[in-house]
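A.B. asks: Just so it is clear, I am handing over query.pdb, which has PDB, C-alpha atoms and all ligand atoms.
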ATOM      1  CA  MET A   1     -34.602 -57.730 -73.225
ATOM      2  CA  ARG A   2     -33.639 -60.747 -75.297
ATOM      3  CA  PRO A   3     -36.537 -63.193 -75.596
ATOM      4  CA  ILE A   4     -36.401 -66.470 -73.697
ATOM      5  CA  LEU A   5     -34.976 -69.230 -75.870
ATOM      6  CA  TYR A   6     -36.028 -72.845 -75.584
ATOM      7  CA  ARG A   7     -34.593 -76.193 -76.497
ATOM      8  CA  ARG A   8     -34.886 -79.846 -75.481
ATOM      9  CA  LEU A   9     -31.749 -81.833 -74.826
ATOM     10  CA  GLY A  10     -32.692 -85.471 -74.392
ATOM     11  CA  LEU A  11     -34.698 -85.621 -71.165
ATOM     12  CA  PHE A  12     -33.737 -82.066 -70.158
ATOM     13  CA  GLU A  13     -35.750 -79.016 -71.068
ATOM     14  CA  LEU A  14     -33.762 -75.836 -71.129
ATOM     15  CA  TRP A  15     -34.511 -72.149 -71.365
ATOM     16  CA  VAL A  16     -31.701 -69.679 -72.009
ATOM     17  CA  LEU A  17     -32.801 -66.666 -69.984
ATOM     18  CA  SER A  18     -31.407 -63.139 -69.984
ATOM     19  CA  ASP A  19     -30.563 -60.895 -67.076
ATOM     20  CA  GLY A  20     -30.008 -58.000 -69.456
ATOM     21  CA  GLU A  21     -26.673 -56.691 -70.610
ATOM     22  CA  LEU A  22     -23.398 -55.580 -69.107
ATOM     23  CA  TRP A  23     -20.789 -53.214 -70.596
ATOM     24  CA  LEU A  24     -17.123 -53.998 -69.861
ATOM     25  CA  ASP A  25     -13.812 -52.566 -71.040
ATOM     26  CA  GLY A  26     -13.127 -54.099 -74.451
ATOM     27  CA  GLY A  27      -9.354 -54.240 -74.049
ATOM     28  CA  SER A  28      -9.673 -56.134 -70.776
ATOM     29  CA  MET A  29     -11.983 -58.666 -72.429
ATOM     30  CA  PHE A  30      -9.396 -59.516 -75.105
ATOM     31  CA  GLY A  31      -6.129 -59.451 -73.120
ATOM     32  CA  ILE A  32      -3.084 -59.110 -75.384
ATOM     33  CA  VAL A  33      -5.132 -58.879 -78.604
ATOM     34  CA  PRO A  34      -4.699 -55.346 -80.062
ATOM     35  CA  ARG A  35      -7.732 -53.091 -80.400
ATOM     36  CA  PRO A  36      -7.759 -52.990 -84.228
ATOM     37  CA  LEU A  37      -8.353 -56.761 -84.166
ATOM     38  CA  TRP A  38     -10.904 -57.072 -81.371
ATOM     39  CA  ALA A  39     -12.816 -53.933 -82.375
ATOM     40  CA  LYS A  40     -13.829 -55.755 -85.567
ATOM     41  CA  LEU A  41     -15.454 -58.476 -83.466
ATOM     42  CA  ALA A  42     -17.120 -56.329 -80.777
ATOM     43  CA  THR A  43     -17.792 -52.636 -81.390
ATOM     44  CA  PRO A  44     -16.614 -50.457 -78.480
ATOM     45  CA  ASP A  45     -18.671 -47.492 -77.199
ATOM     46  CA  GLU A  46     -17.174 -44.048 -76.463
ATOM     47  CA  GLN A  47     -15.885 -45.389 -73.107
ATOM     48  CA  ASN A  48     -14.144 -48.285 -74.900
ATOM     49  CA  ARG A  49     -16.680 -50.716 -73.422
ATOM     50  CA  ILE A  50     -18.238 -53.644 -75.291
ATOM     51  CA  ARG A  51     -21.679 -55.137 -74.823
ATOM     52  CA  LEU A  52     -21.951 -58.466 -73.011
ATOM     53  CA  GLY A  53     -25.016 -60.553 -72.351
ATOM     54  CA  LEU A  54     -25.936 -62.246 -69.070
ATOM     55  CA  ASN A  55     -27.329 -65.672 -69.866
ATOM     56  CA  PRO A  56     -28.488 -67.759 -66.898
ATOM     57  CA  LEU A  57     -29.846 -71.156 -67.872
ATOM     58  CA  LEU A  58     -33.033 -72.690 -66.477
ATOM     59  CA  LEU A  59     -33.355 -76.475 -66.642
ATOM     60  CA  ARG A  60     -36.283 -78.740 -65.987
ATOM     61  CA  ILE A  61     -35.197 -82.224 -65.071
ATOM     62  CA  GLY A  62     -38.251 -84.317 -64.241
ATOM     63  CA  GLU A  63     -40.193 -82.184 -61.783
ATOM     64  CA  ARG A  64     -37.195 -80.145 -60.677
ATOM     65  CA  TYR A  65     -36.150 -76.695 -61.747
ATOM     66  CA  VAL A  66     -32.420 -75.988 -61.741
ATOM     67  CA  LEU A  67     -30.900 -72.568 -62.334
ATOM     68  CA  ILE A  68     -27.345 -72.210 -63.654
ATOM     69  CA  GLU A  69     -26.174 -68.789 -62.387
ATOM     70  CA  THR A  70     -28.338 -65.999 -60.978
ATOM     71  CA  GLY A  71     -27.506 -62.920 -63.056
ATOM     72  CA  ILE A  72     -25.736 -59.722 -62.110
ATOM     73  CA  ASP A  73     -25.829 -57.808 -58.838
ATOM     74  CA  ARG A  74     -27.889 -54.615 -59.038
ATOM     75  CA  LYS A  75     -28.028 -53.966 -55.275
ATOM     76  CA  PRO A  76     -25.085 -51.517 -55.130
ATOM     77  CA  GLY A  77     -27.241 -48.785 -56.689
ATOM     78  CA  GLU A  78     -27.357 -46.211 -59.447
ATOM     79  CA  LYS A  79     -23.655 -45.335 -59.782
ATOM     80  CA  PHE A  80     -22.682 -49.010 -60.027
ATOM     81  CA  ARG A  81     -25.427 -49.629 -62.595
ATOM     82  CA  GLN A  82     -24.184 -46.743 -64.724
ATOM     83  CA  LEU A  83     -20.602 -47.987 -64.568
ATOM     84  CA  TYR A  84     -21.650 -51.307 -66.074
ATOM     85  CA  GLY A  85     -24.591 -50.093 -68.185
ATOM     86  CA  LEU A  86     -27.176 -52.108 -66.212
ATOM     87  CA  SER A  87     -30.946 -51.746 -66.237
ATOM     88  CA  PRO A  88     -32.427 -50.996 -62.767
ATOM     89  CA  THR A  89     -34.458 -54.223 -62.478
ATOM     90  CA  HIS A  90     -33.737 -57.895 -63.119
ATOM     91  CA  PRO A  91     -34.996 -59.199 -66.467
ATOM     92  CA  LEU A  92     -34.201 -62.655 -65.048
ATOM     93  CA  LEU A  93     -36.977 -62.422 -62.438
ATOM     94  CA  ALA A  94     -39.416 -61.100 -65.037
ATOM     95  CA  GLN A  95     -38.580 -63.973 -67.393
ATOM     96  CA  LEU A  96     -38.985 -66.632 -64.696
ATOM     97  CA  ARG A  97     -42.384 -65.109 -63.938
ATOM     98  CA  LEU A  98     -43.316 -65.206 -67.639
ATOM     99  CA  LEU A  99     -42.559 -68.936 -67.598
ATOM    100  CA  GLY A 100     -44.717 -69.381 -64.482
ATOM    101  CA  VAL A 101     -41.697 -70.335 -62.363
ATOM    102  CA  GLU A 102     -41.663 -68.810 -58.867
ATOM    103  CA  PRO A 103     -38.395 -68.304 -56.945
ATOM    104  CA  GLU A 104     -39.469 -71.034 -54.469
ATOM    105  CA  ASP A 105     -39.782 -73.515 -57.367
ATOM    106  CA  ILE A 106     -35.996 -73.498 -57.890
ATOM    107  CA  SER A 107     -34.549 -76.439 -55.963
ATOM    108  CA  LEU A 108     -30.941 -76.201 -57.095
ATOM    109  CA  VAL A 109     -28.718 -73.279 -58.117
ATOM    110  CA  VAL A 110     -25.403 -74.165 -59.759
ATOM    111  CA  HIS A 111     -22.675 -71.526 -59.585
ATOM    112  CA  THR A 112     -19.870 -71.509 -62.111
ATOM    113  CA  HIS A 113     -18.177 -69.008 -59.788
ATOM    114  CA  LEU A 114     -19.196 -66.212 -57.425
ATOM    115  CA  HIS A 115     -18.175 -63.050 -59.292
ATOM    116  CA  PHE A 116     -20.879 -60.387 -58.942
ATOM    117  CA  ASP A 117     -21.981 -60.749 -62.578
ATOM    118  CA  HIS A 118     -22.801 -64.442 -62.073
ATOM    119  CA  CYS A 119     -24.547 -64.654 -58.687
ATOM    120  CA  GLY A 120     -26.189 -61.251 -58.190
ATOM    121  CA  LEU A 121     -29.670 -62.581 -57.459
ATOM    122  CA  ASN A 122     -28.530 -64.963 -54.748
ATOM    123  CA  THR A 123     -29.890 -62.406 -52.312
ATOM    124  CA  CYS A 124     -32.325 -59.510 -52.361
ATOM    125  CA  TRP A 125     -33.504 -56.889 -49.880
ATOM    126  CA  ALA A 126     -36.735 -57.609 -47.981
ATOM    127  CA  GLU A 127     -37.824 -55.440 -45.027
ATOM    128  CA  GLY A 128     -34.324 -54.064 -44.521
ATOM    129  CA  ARG A 129     -32.618 -57.476 -44.561
ATOM    130  CA  LEU A 130     -30.726 -59.417 -47.189
ATOM    131  CA  VAL A 131     -32.581 -62.669 -47.765
ATOM    132  CA  PRO A 132     -32.110 -65.577 -50.204
ATOM    133  CA  THR A 133     -33.992 -64.872 -53.452
ATOM    134  CA  PHE A 134     -34.529 -68.603 -54.022
ATOM    135  CA  PRO A 135     -35.650 -69.686 -50.558
ATOM    136  CA  LYS A 136     -35.729 -73.445 -51.164
ATOM    137  CA  ALA A 137     -32.592 -73.832 -53.261
ATOM    138  CA  ARG A 138     -29.305 -75.421 -52.347
ATOM    139  CA  HIS A 139     -26.412 -73.562 -53.988
ATOM    140  CA  VAL A 140     -23.613 -75.685 -55.427
ATOM    141  CA  VAL A 141     -20.145 -74.174 -55.813
ATOM    142  CA  GLN A 142     -16.519 -75.353 -55.652
ATOM    143  CA  LYS A 143     -15.139 -75.233 -52.102
ATOM    144  CA  GLN A 144     -12.158 -73.209 -53.380
ATOM    145  CA  GLU A 145     -14.450 -70.593 -54.913
ATOM    146  CA  LEU A 146     -16.480 -70.026 -51.743
ATOM    147  CA  HIS A 147     -13.240 -69.622 -49.819
ATOM    148  CA  ASP A 148     -11.900 -67.112 -52.355
ATOM    149  CA  ALA A 149     -15.180 -65.150 -52.418
ATOM    150  CA  LEU A 150     -15.083 -64.814 -48.637
ATOM    151  CA  HIS A 151     -11.339 -63.992 -48.580
ATOM    152  CA  PRO A 152     -10.625 -61.865 -51.669
ATOM    153  CA  HIS A 153      -7.196 -60.307 -52.279
ATOM    154  CA  GLU A 154      -6.270 -57.001 -53.909
ATOM    155  CA  ARG A 155      -6.525 -58.399 -57.451
ATOM    156  CA  SER A 156      -9.864 -60.205 -56.950
ATOM    157  CA  ARG A 157     -11.686 -57.885 -54.550
ATOM    158  CA  ALA A 158     -13.561 -55.896 -57.211
ATOM    159  CA  SER A 159     -15.051 -59.117 -58.618
ATOM    160  CA  TYR A 160     -16.773 -60.319 -55.448
ATOM    161  CA  ARG A 161     -19.531 -58.721 -53.377
ATOM    162  CA  VAL A 162     -20.093 -60.154 -49.916
ATOM    163  CA  GLU A 163     -23.827 -59.340 -50.069
ATOM    164  CA  ASN A 164     -24.256 -62.151 -52.605
ATOM    165  CA  VAL A 165     -22.348 -64.725 -50.637
ATOM    166  CA  GLU A 166     -22.237 -64.149 -46.875
ATOM    167  CA  PRO A 167     -25.980 -64.367 -46.119
ATOM    168  CA  LEU A 168     -26.161 -67.781 -47.821
ATOM    169  CA  ALA A 169     -22.942 -68.982 -46.195
ATOM    170  CA  GLU A 170     -24.269 -67.969 -42.756
ATOM    171  CA  GLN A 171     -27.434 -69.997 -43.360
ATOM    172  CA  GLY A 172     -25.467 -73.026 -44.567
ATOM    173  CA  ARG A 173     -27.088 -72.932 -47.984
ATOM    174  CA  PHE A 174     -23.963 -73.657 -49.994
ATOM    175  CA  GLU A 175     -23.223 -77.228 -50.961
ATOM    176  CA  LEU A 176     -19.503 -77.465 -51.615
ATOM    177  CA  VAL A 177     -17.926 -79.715 -54.210
ATOM    178  CA  GLU A 178     -14.253 -80.428 -54.747
ATOM    179  CA  GLY A 179     -13.396 -81.396 -58.302
ATOM    180  CA  GLU A 180     -15.830 -83.063 -60.689
ATOM    181  CA  ALA A 181     -19.295 -83.990 -59.472
ATOM    182  CA  GLU A 182     -22.537 -85.351 -60.930
ATOM    183  CA  LEU A 183     -25.233 -83.285 -59.193
ATOM    184  CA  LEU A 184     -28.199 -85.054 -60.798
ATOM    185  CA  PRO A 185     -28.164 -87.811 -63.444
ATOM    186  CA  GLY A 186     -26.511 -86.201 -66.485
ATOM    187  CA  LEU A 187     -25.790 -82.855 -64.784
ATOM    188  CA  TRP A 188     -22.065 -82.440 -64.143
ATOM    189  CA  VAL A 189     -19.760 -79.727 -62.880
ATOM    190  CA  ARG A 190     -16.095 -79.826 -63.883
ATOM    191  CA  PRO A 191     -13.310 -77.508 -62.656
ATOM    192  CA  ALA A 192     -12.007 -75.031 -65.261
ATOM    193  CA  PRO A 193      -9.400 -72.903 -63.477
ATOM    194  CA  GLY A 194      -7.697 -69.857 -64.985
ATOM    195  CA  HIS A 195     -10.220 -66.999 -64.808
ATOM    196  CA  ASN A 196      -9.788 -67.739 -61.122
ATOM    197  CA  LEU A 197      -8.893 -70.877 -59.185
ATOM    198  CA  GLY A 198     -12.366 -72.141 -58.318
ATOM    199  CA  MET A 199     -14.373 -71.688 -61.519
ATOM    200  CA  GLN A 200     -16.230 -74.675 -62.953
ATOM    201  CA  VAL A 201     -18.123 -75.309 -66.174
ATOM    202  CA  VAL A 202     -21.464 -77.141 -66.237
ATOM    203  CA  GLU A 203     -22.114 -80.035 -68.582
ATOM    204  CA  LEU A 204     -25.374 -81.789 -69.452
ATOM    205  CA  GLU A 205     -25.737 -85.138 -71.119
ATOM    206  CA  SER A 206     -28.984 -86.884 -71.934
ATOM    207  CA  GLU A 207     -29.836 -89.513 -74.561
ATOM    208  CA  GLY A 208     -26.548 -88.916 -76.378
ATOM    209  CA  GLN A 209     -26.939 -85.110 -76.555
ATOM    210  CA  ARG A 210     -24.497 -82.852 -74.759
ATOM    211  CA  LEU A 211     -24.317 -79.211 -73.761
ATOM    212  CA  ALA A 212     -21.669 -77.237 -71.889
ATOM    213  CA  TYR A 213     -22.274 -73.947 -70.095
ATOM    214  CA  THR A 214     -18.973 -72.153 -70.630
ATOM    215  CA  ALA A 215     -18.861 -69.774 -67.637
ATOM    216  CA  ASP A 216     -15.989 -67.310 -68.265
ATOM    217  CA  LEU A 217     -13.681 -69.949 -69.772
ATOM    218  CA  VAL A 218     -14.900 -68.640 -73.132
ATOM    219  CA  ALA A 219     -17.535 -66.040 -72.338
ATOM    220  CA  LEU A 220     -18.259 -64.820 -75.873
ATOM    221  CA  ARG A 221     -18.369 -66.760 -79.110
ATOM    222  CA  CYS A 222     -15.912 -64.288 -80.742
ATOM    223  CA  GLN A 223     -13.372 -65.112 -78.002
ATOM    224  CA  THR A 224     -13.078 -68.694 -79.259
ATOM    225  CA  PRO A 225      -9.453 -68.442 -80.590
ATOM    226  CA  LEU A 226      -7.150 -69.818 -77.893
ATOM    227  CA  LEU A 227      -5.174 -66.576 -77.720
ATOM    228  CA  TYR A 228      -8.250 -64.470 -76.895
ATOM    229  CA  ILE A 229      -7.907 -64.726 -73.127
ATOM    230  CA  PRO A 230      -9.187 -61.772 -71.062
ATOM    231  CA  ALA A 231      -6.872 -59.621 -68.979
ATOM    232  CA  PHE A 232      -9.412 -60.207 -66.192
ATOM    233  CA  ASP A 233      -8.130 -63.801 -65.863
ATOM    234  CA  LEU A 234      -5.960 -64.196 -62.773
ATOM    235  CA  TYR A 235      -4.009 -67.142 -64.260
ATOM    236  CA  PRO A 236      -3.951 -66.759 -68.066
ATOM    237  CA  MET A 237      -1.643 -69.721 -68.735
ATOM    238  CA  THR A 238      -3.963 -71.911 -66.670
ATOM    239  CA  SER A 239      -6.871 -70.539 -68.739
ATOM    240  CA  LEU A 240      -5.020 -71.635 -71.872
ATOM    241  CA  GLU A 241      -4.537 -75.152 -70.490
ATOM    242  CA  SER A 242      -8.196 -75.374 -69.408
ATOM    243  CA  ARG A 243      -9.367 -74.123 -72.794
ATOM    244  CA  LYS A 244      -7.266 -76.696 -74.663
ATOM    245  CA  ARG A 245      -8.563 -79.500 -72.468
ATOM    246  CA  PHE A 246     -12.239 -78.516 -72.736
ATOM    247  CA  TYR A 247     -12.139 -77.508 -76.418
ATOM    248  CA  SER A 248     -10.839 -80.902 -77.457
ATOM    249  CA  ARG A 249     -13.408 -82.622 -75.214
ATOM    250  CA  TRP A 250     -16.270 -80.438 -76.492
ATOM    251  CA  LEU A 251     -15.297 -80.858 -80.131
ATOM    252  CA  GLU A 252     -14.931 -84.623 -79.809
ATOM    253  CA  GLY A 253     -18.196 -84.990 -77.881
ATOM    254  CA  ASP A 254     -20.091 -82.660 -80.299
ATOM    255  CA  PHE A 255     -21.175 -80.464 -77.380
ATOM    256  CA  LEU A 256     -23.544 -77.553 -77.840
ATOM    257  CA  LEU A 257     -22.031 -74.558 -76.037
ATOM    258  CA  CYS A 258     -24.034 -71.990 -74.105
ATOM    259  CA  TYR A 259     -21.916 -68.855 -73.676
ATOM    260  CA  ALA A 260     -22.358 -67.070 -70.343
ATOM    261  CA  HIS A 261     -21.868 -63.559 -71.792
ATOM    262  CA  GLU A 262     -22.763 -63.830 -75.479
ATOM    263  CA  PRO A 263     -24.908 -60.752 -76.198
ATOM    264  CA  GLY A 264     -26.372 -62.118 -79.419
ATOM    265  CA  HIS A 265     -27.222 -65.703 -80.134
ATOM    266  CA  PRO A 266     -26.126 -67.626 -77.010
ATOM    267  CA  LEU A 267     -25.612 -71.158 -78.392
ATOM    268  CA  GLY A 268     -22.819 -72.391 -80.622
ATOM    269  CA  ARG A 269     -20.708 -75.396 -81.532
ATOM    270  CA  LEU A 270     -16.938 -75.621 -81.912
ATOM    271  CA  ALA A 271     -15.240 -76.336 -85.198
ATOM    272  CA  GLN A 272     -11.559 -76.617 -86.086
ATOM    273  CA  ASP A 273      -9.684 -75.766 -89.263
ATOM    274  CA  GLU A 274      -6.084 -74.991 -90.224
ATOM    275  CA  ARG A 275      -6.270 -71.608 -88.422
ATOM    276  CA  GLY A 276      -7.355 -73.202 -85.155
ATOM    277  CA  TYR A 277     -10.688 -73.265 -83.324
ATOM    278  CA  THR A 278     -13.753 -71.427 -84.558
ATOM    279  CA  ALA A 279     -17.383 -71.532 -83.467
ATOM    280  CA  VAL A 280     -20.625 -71.659 -85.393
ATOM    281  CA  ILE A 281     -24.020 -70.411 -84.282
ATOM    282  CA  GLU A 282     -26.629 -72.996 -83.300
ATOM    283  CA  PRO A 283     -30.200 -71.848 -83.995
ATOM    284  CA  LEU A 284     -32.699 -71.826 -81.132
ATOM    285  CA  GLU A 285     -36.440 -71.289 -80.906
ATOM    286  CA  ASN A 286     -38.104 -68.519 -78.930
ATOM    287  CA  ALA A 287     -39.909 -70.087 -75.979
ATOM    288  CA  GLU A 288     -43.691 -70.035 -75.837
ATOM    289  CA  VAL A 289     -44.748 -67.986 -72.823
TER     290      VAL A 289
HETATM  291 ZN    ZN B 301     -18.404 -62.977 -65.999
END
Here is a file; write its structure as structure tokens.
C.D. replies:
Amino acid sequence: MRPILYRRLGLFELWVLSDGELWLDGGSMFGIVPRPLWAKLATPDEQNRIRLGLNPLLLRIGERYVLIETGIDRKPGEKFRQLYGLSPTHPLLAQLRLLGVEPEDISLVVHTHLHFDHCGLNTCWAEGRLVPTFPKARHVVQKQELHDALHPHERSRASYRVENVEPLAEQGRFELVEGEAELLPGLWVRPAPGHNLGMQVVELESEGQRLAYTADLVALRCQTPLLYIPAFDLYPMTSLESRKRFYSRWLEGDFLLCYAHEPGHPLGRLAQDERGYTAVIEPLENAEV
């Protein structure tokens, strides 16, 4: 598993965790980009899949622990794990433990969206029942996204798993936002539709430093060019508009970016030249554990 990475951002402390890796169809990840181009950026395996990371972010803000995303669902079992190249257990739980953070220490979970590869540890099995993994956390999500997760259609059904959503909804653990919201001082969520309607990115700002958690708006650093929009996106032209809006904001505000699915080095910064947008790697320290 990738080591835990650590960085301070003004008054925030942040740890980029890993919930292991996920293998997805390479063509689907790059949309209309032909294979000879994308295969230079991400090497496909014999099933044409490419390796993706799963990078939940742990924040300490004062005495609070906040978790951005909860990793990928492993509850469906062996066949599902093989399909996506998943390890049987959650590196995310092991890494929290290494940091001395217990599930009950998490007071807030922020969801970019509720696809199964972003909220899989919302629930776990205990004595034959699905229970919240983070028993004291409120779970923030866009109202639209909770609705869509509970009412999927033919095109979105494979992306949602009710086991990750319904038990929390029944217990009233979701806190719904509509549009932009400041959840704690300097911790913002902002809608970024396109991948689906209800996705949001997370932004942090403290003492003049800024970081954005990209969700699936730009999941991998090598997907930075505006054209590199996945076929998974339900509304690709809306993705393009969202990308243009956030790229110009992130470039102007000198945001650090934390990519939700980058399998290598998870932080970067945008740059722009005559060919368009590019991204550069931002070094990060291994956390002391
Ligand atoms: Zn994803």
A.B. asks: Which is closer to Ala42 of chain A than all the others in A:Gln223, A:Thr112, A:Gln95, A:Ser87, using all atoms listed in the file?
C.D. replies: A:Gln223
A.B. asks: Which protein, DNA or RNA residues have an atom within 8 Å of ligand ZN 301 (chain B), counting only C-alpha atoms and all ligand atoms, as a list in words?
C.D. replies: His115, Phe116, Asp117, His118, Ala215, Asp216, Ala219, Ala260 and His261 of chain A
A.B. asks: May I have the selected residues written with C-alpha atoms, as a short mmCIF file (atom, residue, chain, number, x, y, z; two decimals), keeping the file's coordinate frame?
C.D. replies:
data_model
loop_
_atom_site.label_atom_id
_atom_site.label_comp_id
_atom_site.auth_asym_id
_atom_site.auth_seq_id
_atom_site.Cartn_x
_atom_site.Cartn_y
_atom_site.Cartn_z
CA HIS A 115 -18.18 -63.05 -59.29
CA PHE A 116 -20.88 -60.39 -58.94
CA ASP A 117 -21.98 -60.75 -62.58
CA HIS A 118 -22.80 -64.44 -62.07
CA ALA A 215 -18.86 -69.77 -67.64
CA ASP A 216 -15.99 -67.31 -68.26
CA ALA A 219 -17.54 -66.04 -72.34
CA ALA A 260 -22.36 -67.07 -70.34
CA HIS A 261 -21.87 -63.56 -71.79
#
A.B. asks: Looking at A:Pro135, A:Leu227, A:Asp25, A:Arg243, which one is nearest to Ala39 of chain A, with distances taken over only C-alpha atoms?
C.D. replies: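 Of A:Pro135, A:Leu227, A:Asp25, A:Arg243, the one nearest Ala39 of chain A is A:Asp25, counting only C-alpha atoms.
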A.B. asks: Ranking A:Trp250, A:Tyr228, A:Phe80, A:Trp15 by minimum distance to Leu211 of chain A and counting only C-alpha atoms, which one comes first?
C.D. replies: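 So, comparing all the options, the nearest one is A:Trp250.
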A.B. asks: Out of A:Leu256, A:Leu11, A:Leu234, A:Val141, which residue has the shortest atom-to-atom distance to Val189 of chain A when counting all atoms listed in the file?
C.D. replies: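 Nearest candidate to Val189 of chain A out of A:Leu256, A:Leu11, A:Leu234, A:Val141: A:Val141.
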A.B. asks: To one decimal place, how far is atom CA of Leu86 of chain A from atom CA of Glu145 of chain A in Å?
C.D. replies: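 Here the two named atoms are 25.1 Å from each other.
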